[in-house]
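A.B. asks: Below: one structure in structure tokens.
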Amino acid sequence: MQNQKPPRFHKNKCLLAGLILSITVQNALAQNWNLIWSDEFNGTISNDWVFETGNGSGGWGNNELEYYRRENTTVENGMLVITARQENYGGFNYTSSRIKTQGKKSFRYGKIEARISTPSAAGTWPAFWMLGSNINNVGWPACGEIDIMEHVNDSPQIHGTIHWQDNNGNYASYGGDTTADVTGFHVYSIEWDENAIRWLVDGNQYHETNIAGGVNGTGEFHNEFFILLNLAIGGNWPGFNIDNTVFPAQMKVDWVRVYQREDNTGGGGGGTNDLPKTIEAETFSAMSGVQTEPTTDTGGGENVGWIDSGDWLAYNAITIPTTGDYTLEYRVASPGGGQLSLDLNAGSIALGSTIIPVTGGWQNWQTVSQTVHMDAGTYNLGIYALTGGWNLNWIRLSSATTTPVFSITQEAEDYSLMQGVQTEATSDDGGGQNVGWVDAGDWLTYPIEIPSNGTYRVEYRVASPTGGTLSLDSNAGGTAYGSVDIPSTGGWQNWETINHTVPLSAGTHTFGIYAVTGGWNLNWWRITRIDG
């Protein structure tokens, strides 16, 4: 279901409710599964779900015809009901809903299942599926996708599929199907462990795929994933011949459950304690002055915008598991730059501020970060606009003391070749020298070995009284990795760390840092793998 997806290649409540609950829970227990999370939709939708709205980018990458609205999701008779309607809204002829647990609950391995009934008519596309929690950092399909159940049109088949990026960086998919009368309730499941993913309907397995050791590039499926439910109308797969007599069409979900094996080999937990944790900006618990809008950033959904000086956002019940140093990353866009500050518990604990650089536009996205020290505990996290004029898509919290898979810090003065620059003593932490006298067109090169294909965060320790721009490439410009705006830090020795995320291939690269515009100093730069 994810946006910007290539064409699919498929291999190819009462007494009855109580009885069903008893049977399914007993089956799970018989296989040594422990229930670790569920939403039974008993009167309300839990706070573990996030609503996506709009039509995404290009109809969520699939040319879908609906506009997703929160109002199309209700709870009726102990069930979640997603209703698709034929109505004009937001420039589209149909409305529906899409919900997800991103930033709230994520899971690695386990038994994930839901009891669902769906419509069966030309143009309908219901789905129960999962996406890799690192999607905001690596994009799709590198994050991986697990389609637990999809159905299109009035076909008798239901489908279970995985989508991923293989070892050569190419899109790949593998799926199976079976028959089911989707208008009746069925339990759709996957059983997922370190070796395989198995698909089941009402406890009967119909498909399996091997992911042991990340075979064929399936390493994505050893990371955490979040859950999605939606009812799409039209698109590249179902086509655009819509049976309008079916509306209003309803997808009903009795419950969603996640289990973990007793021996912990077949399931991972997920929750507000899990780090790293990505918080979607629009999932605030309270705010002042801001609005939301559809975003063009990777992953789609919404961002927070219309941020003026003095506006703020609060996110409740953020758990810090242990006392230590943590990295806060902010996904921001701004035509003019700005500044935010971070605090805990309504300002009682101030954690410092971060400069937001000029990114080139309201939807030109860049990641900035700060490192803070926090004591263990559960807090309300606050973001305050010291100066406005910027958008926020997500916040990511991770331990700064966790040893990464790969990380290398390169002192700026240890270049192999350069043009135009000089070195000087630095007042930054650690002492030594920095590179300075950087003018537009100057450059530095560094030979570095990258151990494996993956997604990497590149950080630069910079100082500048006026700001500037640098770009990163490898092999004399043969591969370009994009540019980063350098903010005005307040002086030639007032240091700040900026970063961006890039895909890198294994091998020895001669990286080049090029001054698109000058007027800045560089003390060090660091490459860290972030996709595990």
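Here, A, B, ... name the chains of the structure tokens in the order displayed, residue numbers run from 1 inside each chain, and ligands are numbered from 1 in the same displayed order.
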Which polymer residues have any atom within 8 Å of an atom of Thr183 of chain A, counting only C-alpha atoms, with same-chain residues fewer than 2 positions away left out, as a CSV table (one decimal) with all heavy atoms, in the first residue's frame?
C.D. replies:
```
chain,number,residue,atom,x,y,z
A,117,SER,N,-13.8,-8.0,8.3
A,117,SER,CA,-14.7,-8.2,7.1
A,117,SER,C,-14.5,-7.0,6.2
A,117,SER,O,-14.3,-5.8,6.7
A,117,SER,CB,-16.1,-8.4,7.5
A,117,SER,OG,-16.7,-7.2,7.9
A,118,THR,N,-14.6,-7.2,4.9
A,118,THR,CA,-14.4,-6.1,4.0
A,118,THR,C,-15.4,-6.1,2.9
A,118,THR,O,-16.1,-7.1,2.6
A,118,THR,CB,-13.0,-6.1,3.3
A,118,THR,OG1,-13.0,-7.2,2.3
A,118,THR,CG2,-11.9,-6.4,4.4
A,119,PRO,N,-15.6,-5.0,2.2
A,119,PRO,CA,-16.4,-5.0,1.0
A,119,PRO,C,-15.8,-5.8,-0.1
A,119,PRO,O,-14.5,-6.0,-0.1
A,119,PRO,CB,-16.6,-3.5,0.6
A,119,PRO,CG,-15.4,-2.9,1.2
A,119,PRO,CD,-15.1,-3.7,2.4
A,120,SER,N,-16.5,-6.2,-1.1
A,120,SER,CA,-16.0,-6.9,-2.3
A,120,SER,C,-16.7,-6.3,-3.5
A,120,SER,O,-17.8,-6.7,-3.8
A,120,SER,CB,-16.2,-8.4,-2.2
A,120,SER,OG,-15.7,-9.1,-3.3
A,181,ASP,N,-14.1,-15.6,1.3
A,181,ASP,CA,-15.3,-14.7,1.2
A,181,ASP,C,-15.0,-13.5,2.1
A,181,ASP,O,-15.3,-13.6,3.3
A,181,ASP,CB,-16.6,-15.4,1.5
A,181,ASP,CG,-17.8,-14.4,1.4
A,181,ASP,OD1,-17.6,-13.3,1.0
A,181,ASP,OD2,-18.9,-14.9,1.9
A,185,PHE,N,-16.5,-12.4,8.3
A,185,PHE,CA,-15.3,-12.2,9.1
A,185,PHE,C,-14.3,-13.3,9.0
A,185,PHE,O,-14.7,-14.5,9.1
A,185,PHE,CB,-15.7,-12.0,10.6
A,185,PHE,CG,-16.2,-10.6,10.9
A,185,PHE,CD1,-17.5,-10.3,10.9
A,185,PHE,CD2,-15.3,-9.6,11.2
A,185,PHE,CE1,-18.0,-9.0,11.2
A,185,PHE,CE2,-15.7,-8.3,11.5
A,185,PHE,CZ,-17.0,-8.0,11.5
```
A.B. asks: Write out as an MDAnalysis selection string each polymer residue whose atoms come within 8 Å of Ser288 of chain A, counting only C-alpha atoms; drop sequence neighbours fewer than 6 positions from it.
C.D. replies: chainID A and resid 311:313
A.B. asks: Please identify the strand (DSSP E or B) residues within segment 466-528 of chain A (assignment by DSSP from backbone atoms) and present them as a ChimeraX atom specification.
C.D. replies: /A:468-474,479-486,496-504,507-517,520-528
A.B. asks: Please provide as a list of chain:residue names all residues within 8 Å of Trp437 of chain A, with the sequence filter that same-chain residues fewer than 5 positions apart are discarded (counting only C-alpha atoms).
C.D. replies: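 Once the nearby chain positions are removed, what remains is A:Gly420, A:Val421, A:Gln422, A:Thr423, A:Gly519, A:Trp520, A:Asn521.
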A.B. asks: Export, as a PDB file, in the first residue's frame, the selected residues with N, CA and C atoms.
C.D. replies:
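Output file selection12.pdb follows:
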```pdb
ATOM      1  N   GLY A 420      42.186  25.589  -1.567  1.00  0.00           N
ATOM      2  CA  GLY A 420      41.788  26.902  -1.081  1.00  0.00           C
ATOM      3  C   GLY A 420      41.690  27.092   0.403  1.00  0.00           C
ATOM      4  N   VAL A 421      41.685  26.029   1.202  1.00  0.00           N
ATOM      5  CA  VAL A 421      41.416  26.183   2.625  1.00  0.00           C
ATOM      6  C   VAL A 421      42.720  26.294   3.421  1.00  0.00           C
ATOM      7  N   GLN A 422      42.586  26.668   4.697  1.00  0.00           N
ATOM      8  CA  GLN A 422      43.699  26.688   5.633  1.00  0.00           C
ATOM      9  C   GLN A 422      43.241  26.050   6.945  1.00  0.00           C
ATOM     10  N   THR A 423      44.163  25.800   7.844  1.00  0.00           N
ATOM     11  CA  THR A 423      43.822  25.260   9.160  1.00  0.00           C
ATOM     12  C   THR A 423      44.205  26.264  10.240  1.00  0.00           C
ATOM     13  N   GLY A 519      32.355  30.889   3.715  1.00  0.00           N
ATOM     14  CA  GLY A 519      32.091  31.631   4.933  1.00  0.00           C
ATOM     15  C   GLY A 519      31.820  30.764   6.139  1.00  0.00           C
ATOM     16  N   TRP A 520      32.497  29.610   6.229  1.00  0.00           N
ATOM     17  CA  TRP A 520      32.267  28.709   7.365  1.00  0.00           C
ATOM     18  C   TRP A 520      33.534  27.925   7.685  1.00  0.00           C
ATOM     19  N   ASN A 521      33.575  27.400   8.918  1.00  0.00           N
ATOM     20  CA  ASN A 521      34.653  26.529   9.375  1.00  0.00           C
ATOM     21  C   ASN A 521      34.130  25.116   9.568  1.00  0.00           C
TER      22      ASN A 521
END
```
A.B. asks: Tell me, counting only C-alpha atoms, for each residue of segment 220-315 of chain A within 12 Å of segment 77-92 of chain A, which pair of atoms is nearest and how far apart they are in Å to one decimal, in rows ordered by chain and increasing number, as JSON lines.
C.D. replies:
```
{"residue": "A:Leu229", "atom": "CA", "partner": "A:Ile82", "partner_atom": "CA", "distance": 8.8}
{"residue": "A:Asn230", "atom": "CA", "partner": "A:Ile82", "partner_atom": "CA", "distance": 7.3}
{"residue": "A:Leu231", "atom": "CA", "partner": "A:Ile82", "partner_atom": "CA", "distance": 6.9}
{"residue": "A:Ala232", "atom": "CA", "partner": "A:Ala84", "partner_atom": "CA", "distance": 8.0}
{"residue": "A:Ile233", "atom": "CA", "partner": "A:Ala84", "partner_atom": "CA", "distance": 7.8}
{"residue": "A:Gly234", "atom": "CA", "partner": "A:Ala84", "partner_atom": "CA", "distance": 11.5}
{"residue": "A:Ile242", "atom": "CA", "partner": "A:Gln86", "partner_atom": "CA", "distance": 10.2}
{"residue": "A:Asp243", "atom": "CA", "partner": "A:Gln86", "partner_atom": "CA", "distance": 10.3}
{"residue": "A:Asn244", "atom": "CA", "partner": "A:Gln86", "partner_atom": "CA", "distance": 7.2}
{"residue": "A:Thr245", "atom": "CA", "partner": "A:Gln86", "partner_atom": "CA", "distance": 9.4}
{"residue": "A:Val246", "atom": "CA", "partner": "A:Arg85", "partner_atom": "CA", "distance": 9.0}
{"residue": "A:Phe247", "atom": "CA", "partner": "A:Arg85", "partner_atom": "CA", "distance": 5.5}
{"residue": "A:Pro248", "atom": "CA", "partner": "A:Arg85", "partner_atom": "CA", "distance": 4.8}
{"residue": "A:Ala249", "atom": "CA", "partner": "A:Ala84", "partner_atom": "CA", "distance": 5.1}
{"residue": "A:Gln250", "atom": "CA", "partner": "A:Thr83", "partner_atom": "CA", "distance": 4.5}
{"residue": "A:Met251", "atom": "CA", "partner": "A:Ile82", "partner_atom": "CA", "distance": 5.1}
{"residue": "A:Lys252", "atom": "CA", "partner": "A:Val81", "partner_atom": "CA", "distance": 4.6}
{"residue": "A:Val253", "atom": "CA", "partner": "A:Leu80", "partner_atom": "CA", "distance": 5.0}
{"residue": "A:Asp254", "atom": "CA", "partner": "A:Met79", "partner_atom": "CA", "distance": 4.6}
{"residue": "A:Trp255", "atom": "CA", "partner": "A:Met79", "partner_atom": "CA", "distance": 7.0}
{"residue": "A:Val256", "atom": "CA", "partner": "A:Leu80", "partner_atom": "CA", "distance": 9.8}
{"residue": "A:Pro294", "atom": "CA", "partner": "A:Gly90", "partner_atom": "CA", "distance": 11.6}
```
A.B. asks: At a cut-off of 7 Å, using only C-alpha atoms, what residues contact segment 153-164 of chain A? Leave out same-chain residues fewer than 2 positions from it and give the result as a ChimeraX atom specification.
C.D. replies: /A:120-125,141-142,144-151,166,171-181,199,218,238
A.B. asks: Do you have the atom CA of Phe41 of chain A-atom CA of Cys143 of chain A distance handy?
C.D. replies: 28.7 Å
A.B. asks: Could you work out how far atom CA of Ile383 of chain A lies from atom CA of Ala346 of chain A, giving the answer in Å with one decimal?
C.D. replies: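 A separation of 9.6 Å between them.
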A.B. asks: Can you list every residue in segment 132-308 of chain A that DSSP puts in alpha helix (DSSP H), as a PyMOL selection string?
C.D. replies: chain A and resi 135-138
A.B. asks: Could the residues in this selection be saved with N, CA and C atoms as a PDB file, in the first residue's frame?
C.D. replies:
```
ATOM      1  N   ILE A 135      11.123   4.050   8.144  1.00  0.00           N
ATOM      2  CA  ILE A 135      10.764   4.579   6.828  1.00  0.00           C
ATOM      3  C   ILE A 135      11.137   6.045   6.680  1.00  0.00           C
ATOM      4  N   ASN A 136      11.024   6.834   7.742  1.00  0.00           N
ATOM      5  CA  ASN A 136      11.335   8.251   7.619  1.00  0.00           C
ATOM      6  C   ASN A 136      12.817   8.501   7.377  1.00  0.00           C
ATOM      7  N   ASN A 137      13.649   7.534   7.721  1.00  0.00           N
ATOM      8  CA  ASN A 137      15.084   7.678   7.514  1.00  0.00           C
ATOM      9  C   ASN A 137      15.559   7.064   6.200  1.00  0.00           C
ATOM     10  N   VAL A 138      14.983   5.920   5.814  1.00  0.00           N
ATOM     11  CA  VAL A 138      15.511   5.192   4.650  1.00  0.00           C
ATOM     12  C   VAL A 138      14.568   5.195   3.464  1.00  0.00           C
TER      13      VAL A 138
END
```
A.B. asks: Please provide as a ChimeraX atom specification all residues within 12 Å of Gly305 of chain A, with the sequence filter that same-chain residues fewer than 3 positions apart are discarded (counting only C-alpha atoms).
C.D. replies: /A:281-282,287-295,302,308,311-313,332-334,362-363,385,388-394
A.B. asks: Mind checking which residues fall within 7 Å of Gln370 of chain A, counting only C-alpha atoms, ignoring those fewer than 4 positions away in the same chain, and posting them as a PyMOL selection string?
C.D. replies: chain A and resi 327-329+354
A.B. asks: Pull N, CA and C atoms from the residues just selected and write them as a PDB file, in the first residue's frame.
C.D. replies:
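out.pdb, written as the output of this step:
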```
ATOM      1  N   THR A 327      19.923  11.507  21.692  1.00  0.00           N
ATOM      2  CA  THR A 327      19.914  12.348  20.499  1.00  0.00           C
ATOM      3  C   THR A 327      18.477  12.610  20.080  1.00  0.00           C
ATOM      4  N   LEU A 328      18.147  13.876  19.892  1.00  0.00           N
ATOM      5  CA  LEU A 328      16.856  14.297  19.363  1.00  0.00           C
ATOM      6  C   LEU A 328      17.071  14.791  17.947  1.00  0.00           C
ATOM      7  N   GLU A 329      16.415  14.158  16.976  1.00  0.00           N
ATOM      8  CA  GLU A 329      16.474  14.608  15.595  1.00  0.00           C
ATOM      9  C   GLU A 329      15.130  15.222  15.219  1.00  0.00           C
ATOM     10  N   THR A 354      17.905  24.495  19.275  1.00  0.00           N
ATOM     11  CA  THR A 354      18.495  24.029  18.018  1.00  0.00           C
ATOM     12  C   THR A 354      18.177  25.029  16.914  1.00  0.00           C
TER      13      THR A 354
END
```
A.B. asks: A:Thr53, A:Asn380, A:Ser353, A:Thr296: which is nearest Glu71 of chain A, counting only C-alpha atoms?
C.D. replies: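 Checking each candidate against Glu71 of chain A, we get A:Thr53 as the closest.
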A.B. asks: Just want the 12 Å neighbourhood of Ala515 of chain A, counted on only C-alpha atoms, with same-chain residues fewer than 5 positions away dropped. Output as an MDAnalysis selection string.
C.D. replies: chainID A and resid 418:421 436:445 467:473 483:486 520:522
A.B. asks: When distances are computed from only C-alpha atoms, which of A:Pro503, A:Gly58, A:Gly132, A:Pro126 shows the smallest separation from Thr278 of chain A?
C.D. replies: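 Checking each candidate against Thr278 of chain A, we get A:Gly132 as the closest.
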A.B. asks: A:Ser464, A:Gln493, A:Thr508, A:Ser57: which is nearest Ile450 of chain A, counting only C-alpha atoms?
C.D. replies: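 Looking only at the distances to Ile450 of chain A, the closest residue turns out to be A:Thr508.
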